[in-house]
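Engineer: To start, I am sharing the structure in question, which I have written as structure tokens.
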Amino acid sequence: MRVIIVGGGAAGFFGAIACAEANPKAEVILLEKTSKLLAKVLVSGGGRCNVTHNCLVPTVFSQHYPRGAKQLKEALKLFGAVETIAWFNSKGVALKAEADGRMFPVTDNSETIADCLLQEAKRLGVQIRSSTGVERIERTQDGFLLHLGNKPSLKADKLLVCTGGNPKSAGYNWLRELGHTIQEPVPSLFTFNVPGSPFKELMGIAVPDAKVRIAGQKLEYKGPLLITHWGYSGPAILKLSAWGARIFHEQQYTFTALINWIPAFTEESLREHLKSYRQTHPKKVVSSNAMFGLPQRLWKALTNAAEVPADVQWGEMPAKSTNKLVEALLRMQVDVKGKTTFKEEFVTCGGVSLSEVNMRTMESRLHAGLYFAGEVLDIDGITGGFNFQAAWTTGYLAGRAMAPEPEKIT
């Protein structure tokens, strides 16, 4: 039996290894159109590879996927974070959890993960062919015929497609030709561009816990926020971009965000706190004494935005300035115009419709013997190891499902 995997990324390698482990007699061939294998694995997490997330309950883990949460729930029970950690550990690769739940190899080096996958594939006899792109898939009576451009076509009894997300809709046409429905691709995981931002000079300043809300929408997210020279980034922004991917696309990335720098406070409790502070520290200069643990430069910028007089003391603070400061702290208005891709960690929302895939086996409901895994599916997670876990989960389930010999057609 010949099994062909199209795509040399995380899902492709995991699928190839799972299949070869389950059926040592199968001929497993992995095709990668570029000269680089496991490219995303190597660059992710700043070169450390955020393998998964330390959330060990599948039903909770699945809630971190803006697209695919419901369908992934059962799949994660079959092979989730617990199984991923155990799998890598069994291959001699220990993982560690950081305070925010992200998990990395203890080496802090993504090459550890890539080398592990390459060595396992080699040990199991997986044939790896790079610089080999598939132009068209032809369904045959007993399998599939892969047309490889200027290279000889290849026959496959079973076929696993792990080609990742594609930012252009046309990139999925070869799958549309097989009758599959494609959810239109749009970007996910991006930062917000704010041209003319008065905070540009504060680039590099981070706030550990801010809440960002989108005006006119029910979209909001709380977490670390980073000020950049082009606008805003950090987990709060990236995760918000994932949940709002389709809405932001429809709005052509032009919308208003409201930043709450101190989400632990309500307006009532904030006003009460400022009133008390004013009574106990009447001689302190407002703009020179940062509050709420905010960096001094950010505090000064917020008081400037609230038009607080430069040298005014709390005891002389005008009511109008206090009101404006409350607004700046709880609802600072930011006019977003455009987006920027977050480093190399580009994620696409969209892909093969999940209604056409058996999520326990990853097999196409339209073509027996055709499987999908990874980001080619309409699955995407927020930042934090969730996208890699989707790749390990779907790749593993597809690989195991492909392992049994096909029944001969008589």
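Simple scheme: letters A, B, ... for chains in structure tokens order, numbers from 1 for residues in each chain, numbers from 1 for ligands in the order shown.
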Quick one: which region 7-110 of chain A residues come within 12 Å of region 367-376 of chain A, and what is the nearest atom pair for each with the distance in Å to one decimal, counting only C-alpha atoms, rows ordered by chain and ascending number, as JSON lines?
Structural biologist:
```
{"residue": "A:Gly7", "atom": "CA", "partner": "A:Gly374", "partner_atom": "CA", "distance": 9.7}
{"residue": "A:Gly8", "atom": "CA", "partner": "A:Gly374", "partner_atom": "CA", "distance": 11.0}
{"residue": "A:Gly9", "atom": "CA", "partner": "A:Gly374", "partner_atom": "CA", "distance": 8.7}
{"residue": "A:Ala10", "atom": "CA", "partner": "A:Gly374", "partner_atom": "CA", "distance": 7.8}
{"residue": "A:Ala11", "atom": "CA", "partner": "A:Gly374", "partner_atom": "CA", "distance": 5.2}
{"residue": "A:Gly12", "atom": "CA", "partner": "A:Ala373", "partner_atom": "CA", "distance": 7.4}
{"residue": "A:Phe13", "atom": "CA", "partner": "A:Ala373", "partner_atom": "CA", "distance": 10.6}
{"residue": "A:Phe14", "atom": "CA", "partner": "A:Ala373", "partner_atom": "CA", "distance": 9.6}
{"residue": "A:Gly15", "atom": "CA", "partner": "A:Ala373", "partner_atom": "CA", "distance": 8.0}
{"residue": "A:Ala16", "atom": "CA", "partner": "A:Ala373", "partner_atom": "CA", "distance": 11.1}
{"residue": "A:Lys40", "atom": "CA", "partner": "A:Glu375", "partner_atom": "CA", "distance": 11.7}
{"residue": "A:Arg67", "atom": "CA", "partner": "A:Glu375", "partner_atom": "CA", "distance": 10.9}
{"residue": "A:Gly68", "atom": "CA", "partner": "A:Glu375", "partner_atom": "CA", "distance": 10.8}
{"residue": "A:Leu72", "atom": "CA", "partner": "A:Gly374", "partner_atom": "CA", "distance": 11.7}
{"residue": "A:Ala75", "atom": "CA", "partner": "A:Ala373", "partner_atom": "CA", "distance": 11.7}
```
Engineer: Give me the residues near Trp243 (chain A) as a ChimeraX atom specification, where near means some atom within 10 Å (using only C-alpha atoms) and where sequence neighbours in that chain fewer than 2 positions away do not count.
Structural biologist: /A:64-67,188-189,219-221,238-241,245-248,349,380-382
Engineer: Going by DSSP on the backbone, which residues of region 20-82 of chain A come out as strand (DSSP E or B)? List them as a PyMOL selection string.
Structural biologist: chain A and resi 27-31+52-53+67
Engineer: Name the residues in contact with Glu327 (chain A) at a cut-off of 10 Å, using only C-alpha atoms, excluding same-chain residues fewer than 4 positions from it; report them as an MDAnalysis selection string.
Structural biologist: chainID A and resid 258:260 267 302 305:306 321:323 331:333
Engineer: Would you export the selected residues with N, CA and C atoms as a CSV table (one decimal), in the first residue's frame, please?
Structural biologist:
```csv
chain,number,residue,atom,x,y,z
A,258,LEU,N,-11.0,50.3,21.7
A,258,LEU,CA,-11.0,51.0,22.9
A,258,LEU,C,-10.1,50.2,23.9
A,259,ILE,N,-9.1,50.9,24.4
A,259,ILE,CA,-8.1,50.2,25.3
A,259,ILE,C,-8.4,50.6,26.7
A,260,ASN,N,-8.5,49.6,27.6
A,260,ASN,CA,-8.7,49.7,29.0
A,260,ASN,C,-7.3,49.3,29.6
A,267,GLU,N,-15.5,51.9,36.4
A,267,GLU,CA,-15.5,53.3,36.5
A,267,GLU,C,-15.8,53.8,37.9
A,302,LEU,N,-0.7,59.3,28.9
A,302,LEU,CA,-2.1,59.2,29.2
A,302,LEU,C,-2.6,60.6,29.8
A,305,ALA,N,-2.8,63.0,27.1
A,305,ALA,CA,-4.0,62.7,26.3
A,305,ALA,C,-5.3,63.3,27.0
A,306,ALA,N,-5.2,63.3,28.3
A,306,ALA,CA,-6.4,63.8,29.1
A,306,ALA,C,-6.3,65.3,29.3
A,321,SER,N,-10.5,67.5,33.9
A,321,SER,CA,-9.3,66.7,33.7
A,321,SER,C,-9.4,65.3,34.2
A,322,THR,N,-10.0,65.3,35.4
A,322,THR,CA,-10.2,64.0,36.1
A,322,THR,C,-11.1,63.1,35.2
A,323,ASN,N,-12.2,63.7,34.6
A,323,ASN,CA,-13.1,62.9,33.8
A,323,ASN,C,-12.4,62.4,32.5
A,331,ARG,N,-11.1,53.8,28.5
A,331,ARG,CA,-11.7,53.7,27.2
A,331,ARG,C,-10.9,54.6,26.2
A,332,MET,N,-9.6,54.4,26.1
A,332,MET,CA,-8.8,55.2,25.2
A,332,MET,C,-9.1,54.8,23.8
A,333,GLN,N,-9.5,55.7,23.0
A,333,GLN,CA,-10.0,55.5,21.6
A,333,GLN,C,-8.8,55.4,20.7
```
Engineer: So the first atom is CA of Ala210 (chain A) and the second is CA of Gly45 (chain A); what is the distance between them in Å, to one decimal place?
Structural biologist: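 Rounded to one decimal, the two atoms are 22.0 Å apart.
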Engineer: Could you check the closest approach to Ala18 (chain A) for each of A:Gly231, A:Gly204, A:Gly351, A:Pro404 and tell me which residue wins, using only C-alpha atoms?
Structural biologist: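 Checking each candidate against Ala18 (chain A), we get A:Pro404 as the closest.
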Engineer: Enumerate the residues of region 90-317 of chain A with a DSSP assignment of helix (DSSP H, G or I), computed from the backbone, and present them as a PyMOL selection string.
Structural biologist: chain A and resi 90+110-123+169-176+200-202+235-243+245-250+267-280+286-288+296-305+314-316
Engineer: For each of A:Ala39, A:Ile137, A:Leu366, A:Ala242, take the minimum atom-to-atom distance to Phe190 (chain A), counting only C-alpha atoms, then give the residue where this is smallest.
Structural biologist: A:Ala242
Engineer: Which residues come within 10 Å of Val308 (chain A), counting only C-alpha atoms, excluding same-chain residues fewer than 4 positions away, as number ranges by chain?
Structural biologist: A: 286-287, 300, 302-304, 312-313, 317-318, 320-322, 324-325
Engineer: Only N, CA and C atoms, please: the residues just picked out, written as an mmCIF file, in the first residue's frame.
Structural biologist:
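So result_24.cif came out as:
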```
data_model
loop_
_atom_site.group_PDB
_atom_site.id
_atom_site.type_symbol
_atom_site.label_atom_id
_atom_site.label_comp_id
_atom_site.auth_asym_id
_atom_site.auth_seq_id
_atom_site.Cartn_x
_atom_site.Cartn_y
_atom_site.Cartn_z
ATOM 1 N N VAL A 286 0.406 65.278 39.374
ATOM 2 C CA VAL A 286 -0.337 64.191 38.719
ATOM 3 C C VAL A 286 0.500 63.484 37.658
ATOM 4 N N SER A 287 1.059 64.226 36.716
ATOM 5 C CA SER A 287 1.746 63.617 35.571
ATOM 6 C C SER A 287 3.088 62.995 35.926
ATOM 7 N N LYS A 300 2.538 59.379 31.741
ATOM 8 C CA LYS A 300 2.697 60.771 31.291
ATOM 9 C C LYS A 300 1.934 60.986 29.985
ATOM 10 N N LEU A 302 -0.664 59.299 28.934
ATOM 11 C CA LEU A 302 -2.103 59.239 29.214
ATOM 12 C C LEU A 302 -2.599 60.552 29.834
ATOM 13 N N THR A 303 -1.798 61.140 30.719
ATOM 14 C CA THR A 303 -2.213 62.431 31.301
ATOM 15 C C THR A 303 -2.185 63.534 30.247
ATOM 16 N N ASN A 304 -1.240 63.442 29.315
ATOM 17 C CA ASN A 304 -1.205 64.402 28.193
ATOM 18 C C ASN A 304 -2.457 64.258 27.338
ATOM 19 N N VAL A 312 0.224 70.341 37.472
ATOM 20 C CA VAL A 312 -0.875 70.396 38.428
ATOM 21 C C VAL A 312 -0.735 69.303 39.483
ATOM 22 N N GLN A 313 -1.059 69.640 40.710
ATOM 23 C CA GLN A 313 -1.042 68.671 41.805
ATOM 24 C C GLN A 313 -2.437 68.074 41.969
ATOM 25 N N MET A 317 -6.401 69.337 40.962
ATOM 26 C CA MET A 317 -6.807 68.696 39.701
ATOM 27 C C MET A 317 -8.239 69.097 39.330
ATOM 28 N N PRO A 318 -8.432 69.723 38.144
ATOM 29 C CA PRO A 318 -9.784 70.124 37.721
ATOM 30 C C PRO A 318 -10.675 68.905 37.478
ATOM 31 N N LYS A 320 -12.803 68.450 35.183
ATOM 32 C CA LYS A 320 -12.818 68.133 33.753
ATOM 33 C C LYS A 320 -11.635 67.247 33.386
ATOM 34 N N SER A 321 -10.463 67.539 33.937
ATOM 35 C CA SER A 321 -9.267 66.741 33.657
ATOM 36 C C SER A 321 -9.385 65.342 34.248
ATOM 37 N N THR A 322 -10.003 65.273 35.428
ATOM 38 C CA THR A 322 -10.218 63.958 36.059
ATOM 39 C C THR A 322 -11.107 63.090 35.177
ATOM 40 N N LYS A 324 -11.520 63.294 31.952
ATOM 41 C CA LYS A 324 -10.778 62.902 30.741
ATOM 42 C C LYS A 324 -9.750 61.817 31.053
ATOM 43 N N LEU A 325 -9.153 61.878 32.243
ATOM 44 C CA LEU A 325 -8.177 60.856 32.631
ATOM 45 C C LEU A 325 -8.869 59.507 32.819
#
```
Engineer: Quick one: residues within 12 Å of region 250-254 of chain A, only C-alpha atoms, excluding same-chain residues fewer than 3 positions away - as JSON, numbers by chain?
Structural biologist: {"A": [186, 187, 188, 190, 191, 192, 193, 194, 195, 214, 215, 216, 217, 241, 244, 245, 246, 247, 257, 334, 335, 336, 337, 338, 339, 340]}
Engineer: Would you work out the distance separating CA of Thr132 (chain A) from CA of Val6 (chain A), expressed in Å to one decimal?
Structural biologist: 9.2 Å
